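A.B. asks: PDB, C-alpha atoms, saved as my_file.pdb, coming up:
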ATOM      1  CA  MET J   1     137.209-150.421 105.368  1.00  0.00           C
ATOM      2  CA  ASP J   2     137.708-147.001 106.923  1.00  0.00           C
ATOM      3  CA  ARG J   3     136.116-145.165 103.993  1.00  0.00           C
ATOM      4  CA  ASN J   4     132.402-145.123 104.716  1.00  0.00           C
ATOM      5  CA  LEU J   5     130.380-143.294 102.092  1.00  0.00           C
ATOM      6  CA  ILE J   6     128.013-141.914 104.699  1.00  0.00           C
ATOM      7  CA  ASP J   7     130.922-139.935 106.201  1.00  0.00           C
ATOM      8  CA  TYR J   8     131.320-137.994 102.945  1.00  0.00           C
ATOM      9  CA  LEU J   9     127.776-136.629 103.052  1.00  0.00           C
ATOM     10  CA  PRO J  10     126.957-133.276 104.627  1.00  0.00           C
ATOM     11  CA  GLU J  11     125.390-133.594 108.082  1.00  0.00           C
ATOM     12  CA  VAL J  12     122.023-132.432 106.840  1.00  0.00           C
ATOM     13  CA  LEU J  13     121.788-135.299 104.305  1.00  0.00           C
ATOM     14  CA  LYS J  14     122.870-137.967 106.820  1.00  0.00           C
ATOM     15  CA  THR J  15     119.557-137.562 108.612  1.00  0.00           C
ATOM     16  CA  TYR J  16     117.511-138.797 105.644  1.00  0.00           C
ATOM     17  CA  LYS J  17     116.723-142.489 105.607  1.00  0.00           C
ATOM     18  CA  GLU J  18     116.936-142.656 101.787  1.00  0.00           C
ATOM     19  CA  PHE J  19     120.529-141.343 101.714  1.00  0.00           C
ATOM     20  CA  ARG J  20     121.640-143.677 104.523  1.00  0.00           C
ATOM     21  CA  GLU J  21     120.168-146.657 102.651  1.00  0.00           C
ATOM     22  CA  LEU J  22     121.725-145.524  99.362  1.00  0.00           C
ATOM     23  CA  MET J  23     125.153-145.276 101.011  1.00  0.00           C
ATOM     24  CA  ARG J  24     124.737-148.688 102.665  1.00  0.00           C
ATOM     25  CA  VAL J  25     123.856-150.336  99.335  1.00  0.00           C
ATOM     26  CA  GLU J  26     126.719-148.674  97.424  1.00  0.00           C
ATOM     27  CA  GLN J  27     129.351-149.281 100.129  1.00  0.00           C
ATOM     28  CA  PRO J  28     130.316-152.845  98.952  1.00  0.00           C
ATOM     29  CA  GLN J  29     130.854-151.638  95.381  1.00  0.00           C
ATOM     30  CA  ILE J  30     133.072-148.773  96.548  1.00  0.00           C
ATOM     31  CA  GLU J  31     135.061-151.156  98.760  1.00  0.00           C
ATOM     32  CA  ALA J  32     135.571-153.485  95.784  1.00  0.00           C
ATOM     33  CA  LEU J  33     136.709-150.514  93.692  1.00  0.00           C
ATOM     34  CA  TRP J  34     139.233-149.401  96.363  1.00  0.00           C
ATOM     35  CA  ASN J  35     140.558-152.949  96.702  1.00  0.00           C
ATOM     36  CA  ALA J  36     140.971-153.209  92.921  1.00  0.00           C
ATOM     37  CA  CYS J  37     142.865-149.892  92.889  1.00  0.00           C
ATOM     38  CA  ASP J  38     145.144-151.114  95.694  1.00  0.00           C
ATOM     39  CA  SER J  39     145.795-154.354  93.818  1.00  0.00           C
ATOM     40  CA  LEU J  40     146.588-152.420  90.653  1.00  0.00           C
ATOM     41  CA  MET J  41     149.101-150.255  92.524  1.00  0.00           C
ATOM     42  CA  ASN J  42     150.722-153.370  94.025  1.00  0.00           C
ATOM     43  CA  GLU J  43     151.189-154.919  90.578  1.00  0.00           C
ATOM     44  CA  GLY J  44     153.459-152.039  89.563  1.00  0.00           C
ATOM     45  CA  PHE J  45     156.188-152.950  92.073  1.00  0.00           C
ATOM     46  CA  LEU J  46     158.294-156.120  92.140  1.00  0.00           C
ATOM     47  CA  ASP J  47     158.127-156.369  95.927  1.00  0.00           C
ATOM     48  CA  THR J  48     154.343-156.511  96.071  1.00  0.00           C
ATOM     49  CA  GLU J  49     153.261-157.921  92.722  1.00  0.00           C
ATOM     50  CA  THR J  50     151.353-161.151  92.258  1.00  0.00           C
ATOM     51  CA  GLU J  51     151.377-163.671  89.425  1.00  0.00           C
ATOM     52  CA  VAL J  52     149.377-161.188  87.324  1.00  0.00           C
ATOM     53  CA  GLY J  53     152.007-158.443  87.607  1.00  0.00           C
ATOM     54  CA  ALA J  54     154.853-160.877  86.971  1.00  0.00           C
ATOM     55  CA  ALA J  55     153.127-162.129  83.812  1.00  0.00           C
ATOM     56  CA  LYS J  56     152.766-158.559  82.523  1.00  0.00           C
ATOM     57  CA  TRP J  57     156.439-157.752  83.205  1.00  0.00           C
ATOM     58  CA  GLU J  58     157.496-160.997  81.521  1.00  0.00           C
ATOM     59  CA  LYS J  59     155.479-160.111  78.441  1.00  0.00           C
ATOM     60  CA  ILE J  60     157.018-156.623  78.281  1.00  0.00           C
ATOM     61  CA  LEU J  61     160.566-157.927  78.778  1.00  0.00           C
ATOM     62  CA  GLU J  62     160.003-161.009  76.584  1.00  0.00           C
ATOM     63  CA  ILE J  63     160.879-163.456  79.375  1.00  0.00           C
ATOM     64  CA  LYS J  64     159.607-167.012  79.098  1.00  0.00           C
ATOM     65  CA  PRO J  65     159.089-168.403  82.626  1.00  0.00           C
ATOM     66  CA  LYS J  66     159.487-172.076  83.419  1.00  0.00           C
ATOM     67  CA  ASN J  67     156.501-173.955  84.809  1.00  0.00           C
ATOM     68  CA  THR J  68     158.434-174.750  87.981  1.00  0.00           C
ATOM     69  CA  ASP J  69     159.447-171.135  88.724  1.00  0.00           C
ATOM     70  CA  SER J  70     158.176-169.615  91.930  1.00  0.00           C
ATOM     71  CA  LEU J  71     157.048-165.985  92.036  1.00  0.00           C
ATOM     72  CA  GLU J  72     160.333-165.121  93.779  1.00  0.00           C
ATOM     73  CA  VAL J  73     162.414-166.583  90.937  1.00  0.00           C
ATOM     74  CA  ARG J  74     160.261-164.866  88.331  1.00  0.00           C
ATOM     75  CA  ASN J  75     160.678-161.530  90.140  1.00  0.00           C
ATOM     76  CA  PHE J  76     164.440-162.133  90.304  1.00  0.00           C
ATOM     77  CA  ARG J  77     164.506-162.618  86.538  1.00  0.00           C
ATOM     78  CA  ILE J  78     162.471-159.462  85.964  1.00  0.00           C
ATOM     79  CA  HIS J  79     164.660-157.503  88.371  1.00  0.00           C
ATOM     80  CA  GLY J  80     167.746-158.787  86.567  1.00  0.00           C
ATOM     81  CA  ARG J  81     166.490-157.425  83.267  1.00  0.00           C
ATOM     82  CA  LEU J  82     165.455-154.088  84.734  1.00  0.00           C
ATOM     83  CA  ILE J  83     168.732-153.295  86.504  1.00  0.00           C
ATOM     84  CA  VAL J  84     170.875-153.711  83.422  1.00  0.00           C
ATOM     85  CA  SER J  85     172.138-150.266  82.552  1.00  0.00           C
ATOM     86  CA  LEU J  86     174.893-148.850  80.390  1.00  0.00           C
ATOM     87  CA  PRO J  87     177.841-148.430  80.658  1.00  0.00           C
ATOM     88  CA  TYR J  88     178.878-151.907  81.652  1.00  0.00           C
ATOM     89  CA  THR J  89     181.748-151.434  84.055  1.00  0.00           C
ATOM     90  CA  GLU J  90     183.141-154.040  86.401  1.00  0.00           C
ATOM     91  CA  ARG J  91     181.933-152.034  89.388  1.00  0.00           C
ATOM     92  CA  THR J  92     178.410-151.744  87.940  1.00  0.00           C
ATOM     93  CA  PHE J  93     178.332-155.455  87.183  1.00  0.00           C
ATOM     94  CA  CYS J  94     179.396-156.303  90.756  1.00  0.00           C
ATOM     95  CA  LYS J  95     176.671-154.001  92.102  1.00  0.00           C
ATOM     96  CA  GLN J  96     174.118-155.783  89.920  1.00  0.00           C
ATOM     97  CA  LEU J  97     175.283-159.180  91.166  1.00  0.00           C
ATOM     98  CA  ALA J  98     175.092-157.934  94.758  1.00  0.00           C
ATOM     99  CA  ALA J  99     171.581-156.597  94.173  1.00  0.00           C
ATOM    100  CA  LEU J 100     170.459-159.937  92.747  1.00  0.00           C
ATOM    101  CA  CYS J 101     172.332-162.407  94.963  1.00  0.00           C
ATOM    102  CA  GLY J 102     173.116-160.359  98.062  1.00  0.00           C
ATOM    103  CA  GLU J 103     176.552-159.172  99.165  1.00  0.00           C
ATOM    104  CA  ASP J 104     177.644-162.665 100.241  1.00  0.00           C
ATOM    105  CA  GLY J 105     175.588-164.520  97.643  1.00  0.00           C
ATOM    106  CA  TYR J 106     178.291-164.765  95.003  1.00  0.00           C
ATOM    107  CA  SER J 107     182.031-164.768  94.396  1.00  0.00           C
ATOM    108  CA  TYR J 108     183.680-163.078  91.481  1.00  0.00           C
ATOM    109  CA  LYS J 109     187.116-163.732  89.969  1.00  0.00           C
ATOM    110  CA  LEU J 110     188.268-161.801  86.908  1.00  0.00           C
ATOM    111  CA  ASP J 111     191.535-162.762  85.203  1.00  0.00           C
ATOM    112  CA  TYR J 112     192.531-159.977  82.826  1.00  0.00           C
ATOM    113  CA  ASP J 113     195.497-161.895  81.378  1.00  0.00           C
ATOM    114  CA  LYS J 114     193.456-164.957  80.437  1.00  0.00           C
ATOM    115  CA  PHE J 115     190.319-163.004  79.525  1.00  0.00           C
ATOM    116  CA  SER J 116     188.218-165.113  81.856  1.00  0.00           C
ATOM    117  CA  LEU J 117     185.532-164.403  84.419  1.00  0.00           C
ATOM    118  CA  GLN J 118     184.424-166.904  87.025  1.00  0.00           C
ATOM    119  CA  ILE J 119     181.252-166.286  89.008  1.00  0.00           C
ATOM    120  CA  LYS J 120     180.092-168.628  91.722  1.00  0.00           C
ATOM    121  CA  VAL J 121     176.569-168.343  93.068  1.00  0.00           C
ATOM    122  CA  ALA J 122     175.890-169.292  96.694  1.00  0.00           C
ATOM    123  CA  LEU J 123     173.900-172.452  97.300  1.00  0.00           C
ATOM    124  CA  THR J 124     171.192-170.390  98.986  1.00  0.00           C
ATOM    125  CA  SER J 125     170.558-168.763  95.581  1.00  0.00           C
ATOM    126  CA  LYS J 126     171.141-171.805  93.389  1.00  0.00           C
ATOM    127  CA  LYS J 127     167.728-171.561  91.715  1.00  0.00           C
ATOM    128  CA  LEU J 128     168.896-168.215  90.379  1.00  0.00           C
ATOM    129  CA  LYS J 129     172.108-169.499  88.762  1.00  0.00           C
ATOM    130  CA  ASP J 130     170.560-169.532  85.286  1.00  0.00           C
ATOM    131  CA  GLU J 131     169.508-165.906  85.630  1.00  0.00           C
ATOM    132  CA  VAL J 132     173.009-164.880  86.763  1.00  0.00           C
ATOM    133  CA  GLN J 133     174.324-166.747  83.708  1.00  0.00           C
ATOM    134  CA  SER J 134     171.906-164.855  81.463  1.00  0.00           C
ATOM    135  CA  LEU J 135     172.817-161.504  83.032  1.00  0.00           C
ATOM    136  CA  ALA J 136     176.546-162.214  82.635  1.00  0.00           C
ATOM    137  CA  GLU J 137     176.094-163.266  79.003  1.00  0.00           C
ATOM    138  CA  ARG J 138     174.371-159.957  78.250  1.00  0.00           C
ATOM    139  CA  ILE J 139     176.984-157.809  80.020  1.00  0.00           C
ATOM    140  CA  VAL J 140     180.373-159.542  79.826  1.00  0.00           C
ATOM    141  CA  PRO J 141     182.304-158.902  76.587  1.00  0.00           C
ATOM    142  CA  GLN J 142     182.155-161.768  74.091  1.00  0.00           C
ATOM    143  CA  ASN J 143     185.931-162.270  74.064  1.00  0.00           C
ATOM    144  CA  TYR J 144     185.897-163.376  77.724  1.00  0.00           C
ATOM    145  CA  ILE J 145     185.578-166.967  78.854  1.00  0.00           C
ATOM    146  CA  LEU J 146     182.603-167.004  81.179  1.00  0.00           C
ATOM    147  CA  ASP J 147     182.168-169.628  83.886  1.00  0.00           C
ATOM    148  CA  VAL J 148     179.096-169.408  86.114  1.00  0.00           C
ATOM    149  CA  ASP J 149     178.797-172.151  88.687  1.00  0.00           C
ATOM    150  CA  LEU J 150     177.585-172.837  92.211  1.00  0.00           C
ATOM    151  CA  MET J 151     179.650-172.332  95.366  1.00  0.00           C
ATOM    152  CA  TYR J 152     179.653-175.929  96.493  1.00  0.00           C
ATOM    153  CA  ASN J 153     180.431-176.736 100.108  1.00  0.00           C
ATOM    154  CA  THR J 154     184.086-177.586 100.542  1.00  0.00           C
ATOM    155  CA  HIS J 155     185.916-179.281 103.392  1.00  0.00           C
ATOM    156  CA  ARG J 156     187.053-175.868 104.638  1.00  0.00           C
ATOM    157  CA  ILE J 157     183.490-174.477 104.636  1.00  0.00           C
ATOM    158  CA  ILE J 158     182.242-177.501 106.557  1.00  0.00           C
ATOM    159  CA  GLN J 159     185.047-177.054 109.097  1.00  0.00           C
ATOM    160  CA  GLU J 160     184.204-173.359 109.491  1.00  0.00           C
ATOM    161  CA  CYS J 161     180.593-174.299 110.187  1.00  0.00           C
ATOM    162  CA  GLY J 162     181.796-176.341 113.140  1.00  0.00           C
ATOM    163  CA  LEU J 163     179.576-179.292 112.314  1.00  0.00           C
ATOM    164  CA  THR J 164     180.434-182.554 114.004  1.00  0.00           C
ATOM    165  CA  ASN J 165     180.519-185.950 112.321  1.00  0.00           C
ATOM    166  CA  ARG J 166     177.324-186.851 114.138  1.00  0.00           C
ATOM    167  CA  GLN J 167     175.585-183.773 112.701  1.00  0.00           C
ATOM    168  CA  LEU J 168     176.926-184.496 109.212  1.00  0.00           C
ATOM    169  CA  ALA J 169     175.755-188.120 109.382  1.00  0.00           C
ATOM    170  CA  GLN J 170     172.155-187.018 108.837  1.00  0.00           C
ATOM    171  CA  TYR J 171     173.048-185.781 105.319  1.00  0.00           C
ATOM    172  CA  THR J 172     173.994-187.692 102.188  1.00  0.00           C
ATOM    173  CA  HIS J 173     177.260-186.861 100.422  1.00  0.00           C
ATOM    174  CA  ARG J 174     175.350-185.004  97.713  1.00  0.00           C
ATOM    175  CA  GLU J 175     173.417-182.964 100.286  1.00  0.00           C
ATOM    176  CA  ILE J 176     176.615-182.025 102.109  1.00  0.00           C
ATOM    177  CA  GLN J 177     178.185-180.811  98.879  1.00  0.00           C
ATOM    178  CA  GLU J 178     175.237-179.256  97.083  1.00  0.00           C
ATOM    179  CA  GLU J 179     172.775-178.009  99.702  1.00  0.00           C
ATOM    180  CA  PRO J 180     173.079-175.058 102.077  1.00  0.00           C
ATOM    181  CA  LEU J 181     174.088-176.414 105.458  1.00  0.00           C
ATOM    182  CA  ILE J 182     171.983-175.477 108.459  1.00  0.00           C
ATOM    183  CA  TYR J 183     174.151-174.919 111.518  1.00  0.00           C
TER     184      TYR J 183
END
Kindly return the structure encoded in the file as C-alpha coordinates.

C.D. replies:
Amino acid sequence: MDRNLIDYLPEVLKTYKEFRELMRVEQPQIEALWNACDSLMNEGFLDTETEVGAAKWEKILEIKPKNTDSLEVRNFRIHGRLIVSLPYTERTFCKQLAALCGEDGYSYKLDYDKFSLQIKVALTSKKLKDEVQSLAERIVPQNYILDVDLMYNTHRIIQECGLTNRQLAQYTHREIQEEPLIY
(Lines of atoms letter the chains of each structure in order from A and count residues from 1; the text may use other names and numbers.)
(Lines give C-alpha, C1' and ligand atoms only; values in the text may rest on other atoms or scores of the structure.)
Protein backbone atom coordinates (compact mmCIF):
# COMPACT_ATOMS: atom_id res chain seq x y z
CA MET A 1 0.00 0.00 0.00
CA ASP A 2 1.31 3.45 -0.84
CA ARG A 3 -0.32 5.08 2.19
CA ASN A 4 2.15 4.67 5.02
CA LEU A 5 1.00 6.23 8.26
CA ILE A 6 4.52 7.31 9.14
CA ASP A 7 4.50 9.63 6.10
CA TYR A 8 1.60 11.61 7.59
CA LEU A 9 3.54 12.53 10.73
CA PRO A 10 5.52 15.75 11.00
CA GLU A 11 9.27 15.24 10.59
CA VAL A 12 9.93 15.98 14.22
CA LEU A 13 7.68 13.11 15.39
CA LYS A 14 9.15 10.59 12.92
CA THR A 15 12.37 10.58 14.91
CA TYR A 16 10.74 9.11 18.02
CA LYS A 17 10.87 5.35 18.33
CA GLU A 18 7.45 5.21 20.04
CA PHE A 19 5.68 6.96 17.13
CA ARG A 20 7.42 4.77 14.52
CA GLU A 21 6.34 1.64 16.40
CA LEU A 22 2.79 2.96 16.83
CA MET A 23 2.53 3.62 13.09
CA ARG A 24 3.96 0.19 12.25
CA VAL A 25 1.41 -1.56 14.50
CA GLU A 26 -1.56 0.45 13.17
CA GLN A 27 -0.56 0.17 9.49
CA PRO A 28 -2.28 -3.25 8.88
CA GLN A 29 -5.57 -1.98 10.33
CA ILE A 30 -5.48 1.13 8.14
CA GLU A 31 -4.70 -0.99 5.07
CA ALA A 32 -7.68 -3.24 5.88
CA LEU A 33 -9.87 -0.15 6.26
CA TRP A 34 -8.74 1.27 2.88
CA ASN A 35 -9.32 -2.09 1.19
CA ALA A 36 -12.82 -2.29 2.70
CA CYS A 37 -13.58 1.23 1.44
CA ASP A 38 -12.36 0.30 -2.05
CA SER A 39 -14.51 -2.84 -2.02
CA LEU A 40 -17.52 -0.82 -0.91
CA MET A 41 -17.02 1.64 -3.77
CA ASN A 42 -16.71 -1.25 -6.25
CA GLU A 43 -20.03 -2.73 -5.09
CA GLY A 44 -21.85 0.41 -6.22
CA PHE A 45 -21.09 -0.16 -9.92
CA LEU A 46 -22.28 -3.05 -12.10
CA ASP A 47 -18.93 -3.32 -13.88
CA THR A 48 -16.94 -3.93 -10.72
CA GLU A 49 -19.39 -5.46 -8.26
CA THR A 50 -19.04 -8.90 -6.73
CA GLU A 51 -21.66 -11.39 -5.60
CA VAL A 52 -22.34 -9.17 -2.57
CA GLY A 53 -23.22 -6.13 -4.68
CA ALA A 54 -25.34 -8.19 -7.06
CA ALA A 55 -27.30 -9.64 -4.13
CA LYS A 56 -28.01 -6.14 -2.80
CA TRP A 57 -29.19 -4.89 -6.21
CA GLU A 58 -31.38 -7.98 -6.62
CA LYS A 59 -32.99 -7.34 -3.25
CA ILE A 60 -33.67 -3.69 -4.12
CA LEU A 61 -35.09 -4.55 -7.56
CA GLU A 62 -36.90 -7.68 -6.31
CA ILE A 63 -35.07 -10.00 -8.72
CA LYS A 64 -34.90 -13.69 -7.86
CA PRO A 65 -31.68 -15.13 -9.33
CA LYS A 66 -31.42 -18.73 -10.46
CA ASN A 67 -28.85 -20.96 -8.79
CA THR A 68 -27.11 -21.52 -12.12
CA ASP A 69 -26.74 -17.80 -12.98
CA SER A 70 -23.24 -16.46 -13.33
CA LEU A 71 -22.36 -12.99 -12.03
CA GLU A 72 -22.43 -11.73 -15.63
CA VAL A 73 -26.02 -12.92 -16.15
CA ARG A 74 -27.10 -11.48 -12.82
CA ASN A 75 -25.53 -8.12 -13.73
CA PHE A 76 -27.29 -8.26 -17.10
CA ARG A 77 -30.62 -8.73 -15.33
CA ILE A 78 -29.91 -5.85 -12.96
CA HIS A 79 -28.79 -3.63 -15.83
CA GLY A 80 -31.96 -4.53 -17.72
CA ARG A 81 -34.11 -3.33 -14.84
CA LEU A 82 -32.12 -0.14 -14.33
CA ILE A 83 -32.16 1.05 -17.95
CA VAL A 84 -35.92 0.90 -18.29
CA SER A 85 -37.09 4.47 -18.58
CA LEU A 86 -40.24 6.22 -19.71
CA PRO A 87 -41.45 7.00 -22.33
CA TYR A 88 -41.32 3.68 -24.09
CA THR A 89 -40.63 4.50 -27.71
CA GLU A 90 -39.45 2.08 -30.36
CA ARG A 91 -36.14 3.92 -30.60
CA THR A 92 -35.63 3.78 -26.82
CA PHE A 93 -36.48 0.08 -26.77
CA CYS A 94 -33.97 -0.63 -29.56
CA LYS A 95 -31.30 1.32 -27.65
CA GLN A 96 -32.04 -0.76 -24.55
CA LEU A 97 -31.75 -3.99 -26.54
CA ALA A 98 -28.47 -2.78 -28.04
CA ALA A 99 -27.15 -1.89 -24.59
CA LEU A 100 -28.03 -5.34 -23.26
CA CYS A 101 -27.20 -7.56 -26.25
CA GLY A 102 -24.78 -5.43 -28.25
CA GLU A 103 -25.45 -3.83 -31.63
CA ASP A 104 -25.28 -7.17 -33.48
CA GLY A 105 -26.62 -9.26 -30.61
CA TYR A 106 -30.27 -9.16 -31.64
CA SER A 107 -32.65 -8.71 -34.55
CA TYR A 108 -35.89 -6.82 -34.32
CA LYS A 109 -38.94 -7.05 -36.59
CA LEU A 110 -42.05 -4.99 -35.84
CA ASP A 111 -45.20 -5.54 -37.90
CA TYR A 112 -47.58 -2.65 -37.27
CA ASP A 113 -50.43 -4.19 -39.30
CA LYS A 114 -50.42 -7.48 -37.40
CA PHE A 115 -49.53 -5.92 -34.04
CA SER A 116 -46.60 -8.28 -33.62
CA LEU A 117 -43.00 -7.91 -32.52
CA GLN A 118 -40.35 -10.53 -33.14
CA ILE A 119 -37.02 -10.31 -31.34
CA LYS A 120 -34.24 -12.77 -31.95
CA VAL A 121 -31.31 -12.93 -29.57
CA ALA A 122 -27.89 -13.96 -30.90
CA LEU A 123 -26.58 -17.34 -29.83
CA THR A 124 -23.64 -15.62 -28.13
CA SER A 125 -26.18 -14.09 -25.71
CA LYS A 126 -28.55 -17.03 -25.43
CA LYS A 127 -28.29 -17.21 -21.64
CA LEU A 128 -29.82 -13.74 -21.62
CA LYS A 129 -32.90 -14.62 -23.70
CA ASP A 130 -35.14 -14.84 -20.64
CA GLU A 131 -34.09 -11.37 -19.52
CA VAL A 132 -34.79 -9.92 -22.99
CA GLN A 133 -38.20 -11.61 -22.79
CA SER A 134 -38.83 -10.03 -19.38
CA LEU A 135 -37.71 -6.60 -20.60
CA ALA A 136 -39.95 -6.84 -23.68
CA GLU A 137 -42.94 -7.94 -21.58
CA ARG A 138 -42.53 -4.86 -19.37
CA ILE A 139 -42.16 -2.41 -22.28
CA VAL A 140 -44.12 -3.71 -25.27
CA PRO A 141 -47.84 -2.84 -25.25
CA GLN A 142 -50.10 -5.70 -24.17
CA ASN A 143 -52.03 -5.73 -27.46
CA TYR A 144 -48.92 -6.84 -29.38
CA ILE A 145 -48.00 -10.44 -30.05
CA LEU A 146 -44.52 -10.85 -28.66
CA ASP A 147 -42.12 -13.51 -29.92
CA VAL A 148 -38.65 -13.67 -28.37
CA ASP A 149 -36.45 -16.43 -29.70
CA LEU A 150 -32.84 -17.26 -30.49
CA MET A 151 -31.10 -16.51 -33.79
CA TYR A 152 -30.35 -20.08 -34.74
CA ASN A 153 -27.66 -20.79 -37.30
CA THR A 154 -29.15 -21.18 -40.75
CA HIS A 155 -27.69 -22.64 -43.93
CA ARG A 156 -26.97 -19.11 -45.17
CA ILE A 157 -25.11 -18.17 -41.96
CA ILE A 158 -23.02 -21.33 -42.17
CA GLN A 159 -22.19 -20.54 -45.80
CA GLU A 160 -21.20 -16.98 -44.88
CA CYS A 161 -18.86 -18.35 -42.23
CA GLY A 162 -17.03 -20.23 -44.96
CA LEU A 163 -16.82 -23.44 -42.95
CA THR A 164 -15.99 -26.57 -44.88
CA ASN A 165 -17.70 -29.93 -44.47
CA ARG A 166 -14.60 -31.22 -42.73
CA GLN A 167 -14.79 -28.37 -40.19
CA LEU A 168 -18.52 -28.92 -39.67
CA ALA A 169 -18.01 -32.67 -39.14
CA GLN A 170 -16.63 -32.01 -35.65
CA TYR A 171 -20.04 -30.67 -34.53
CA THR A 172 -23.34 -32.45 -33.98
CA HIS A 173 -26.44 -31.22 -35.81
CA ARG A 174 -27.72 -29.61 -32.62
CA GLU A 175 -24.41 -27.83 -32.03
CA ILE A 176 -24.36 -26.51 -35.59
CA GLN A 177 -27.86 -25.10 -35.19
CA GLU A 178 -27.85 -23.92 -31.59
CA GLU A 179 -24.29 -22.99 -30.66
CA PRO A 180 -22.20 -20.03 -31.79
CA LEU A 181 -19.85 -21.25 -34.50
CA ILE A 182 -16.15 -20.58 -34.09
CA TYR A 183 -14.55 -19.76 -37.42

A.B. asks: When you look at Leu128 (chain J) with a cut-off of 9 Å (counting all atoms listed in the file), what residues show up, excluding the ones that are within fewer than 4 positions of it in the same chain? I need them as a tab-separated table (two decimals) with C-alpha atoms, in the coordinates of the input.

C.D. replies:
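As written to disk, selection.tsv reads:
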chain	number	residue	atom	x	y	z
J	73	VAL	CA	162.41	-166.58	90.94
J	76	PHE	CA	164.44	-162.13	90.30
J	77	ARG	CA	164.51	-162.62	86.54
J	100	LEU	CA	170.46	-159.94	92.75
J	101	CYS	CA	172.33	-162.41	94.96
J	121	VAL	CA	176.57	-168.34	93.07
J	132	VAL	CA	173.01	-164.88	86.76
J	133	GLN	CA	174.32	-166.75	83.71

A.B. asks: Apply the PyMOL selection byres ((chain J and resi 111-114) around 12) to the structure shown and report the selected residues as a list in words.

C.D. replies: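 Given this file, the PyMOL selection byres ((chain J and resi 111-114) around 12) evaluates to Glu90, Tyr108, Lys109, Leu110, Phe115, Ser116, Leu117, Gln118, Ile119, Asn143, Tyr144, Ile145, Leu146 and Asp147 of chain J.
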
A.B. asks: Please return, as a list in words, all polymer residues that have at least one atom within 8 Å of the point (180.3, -175.7, 100.9); use only C-alpha atoms and the file's own coordinate frame.

C.D. replies: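 The distance filter leaves exactly Met151, Tyr152, Asn153, Thr154, His155, Arg156, Ile157, Ile158, Ile176, Gln177, Glu178, Glu179, Pro180 and Leu181 of chain J.
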
A.B. asks: Give me, please, the distance in Å between CA of Arg138 (chain J) and CA of Asn42 (chain J), quoted to one decimal.

C.D. replies: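 That distance, rounded to one decimal, is 29.2 Å.
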
A.B. asks: Work out where the centre of an axis-aligned box around every listed atom of region 112-116 of chain J lies and how long its edges are once 4 Å is added on each side; give both in Å to one decimal as lines of an AutoDock Vina configuration file.

C.D. replies:
center_x = 191.9
center_y = -162.5
center_z = 81.2
size_x = 15.3
size_y = 13.1
size_z = 11.3

A.B. asks: Taking 2 positions as the minimum chain separation for residues in the same chain, which residues sit within 12 Å of Val52 (chain J) when counting only C-alpha atoms? Answer as a VMD selection string.

C.D. replies: chain J and resid 39 to 40 42 to 46 48 to 50 54 to 59 71 74 to 75

A.B. asks: May I ask for the distance between CA of Ala136 (chain J) and CA of Gly53 (chain J), given in Å to one decimal place?

C.D. replies: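 A separation of 25.3 Å between them.
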
A.B. asks: Which residues come within 12 Å of Pro10 (chain J), counting all atoms listed in the file, excluding same-chain residues fewer than 6 positions away, as a PyMOL selection string?

C.D. replies: chain J and resi 16+19-20
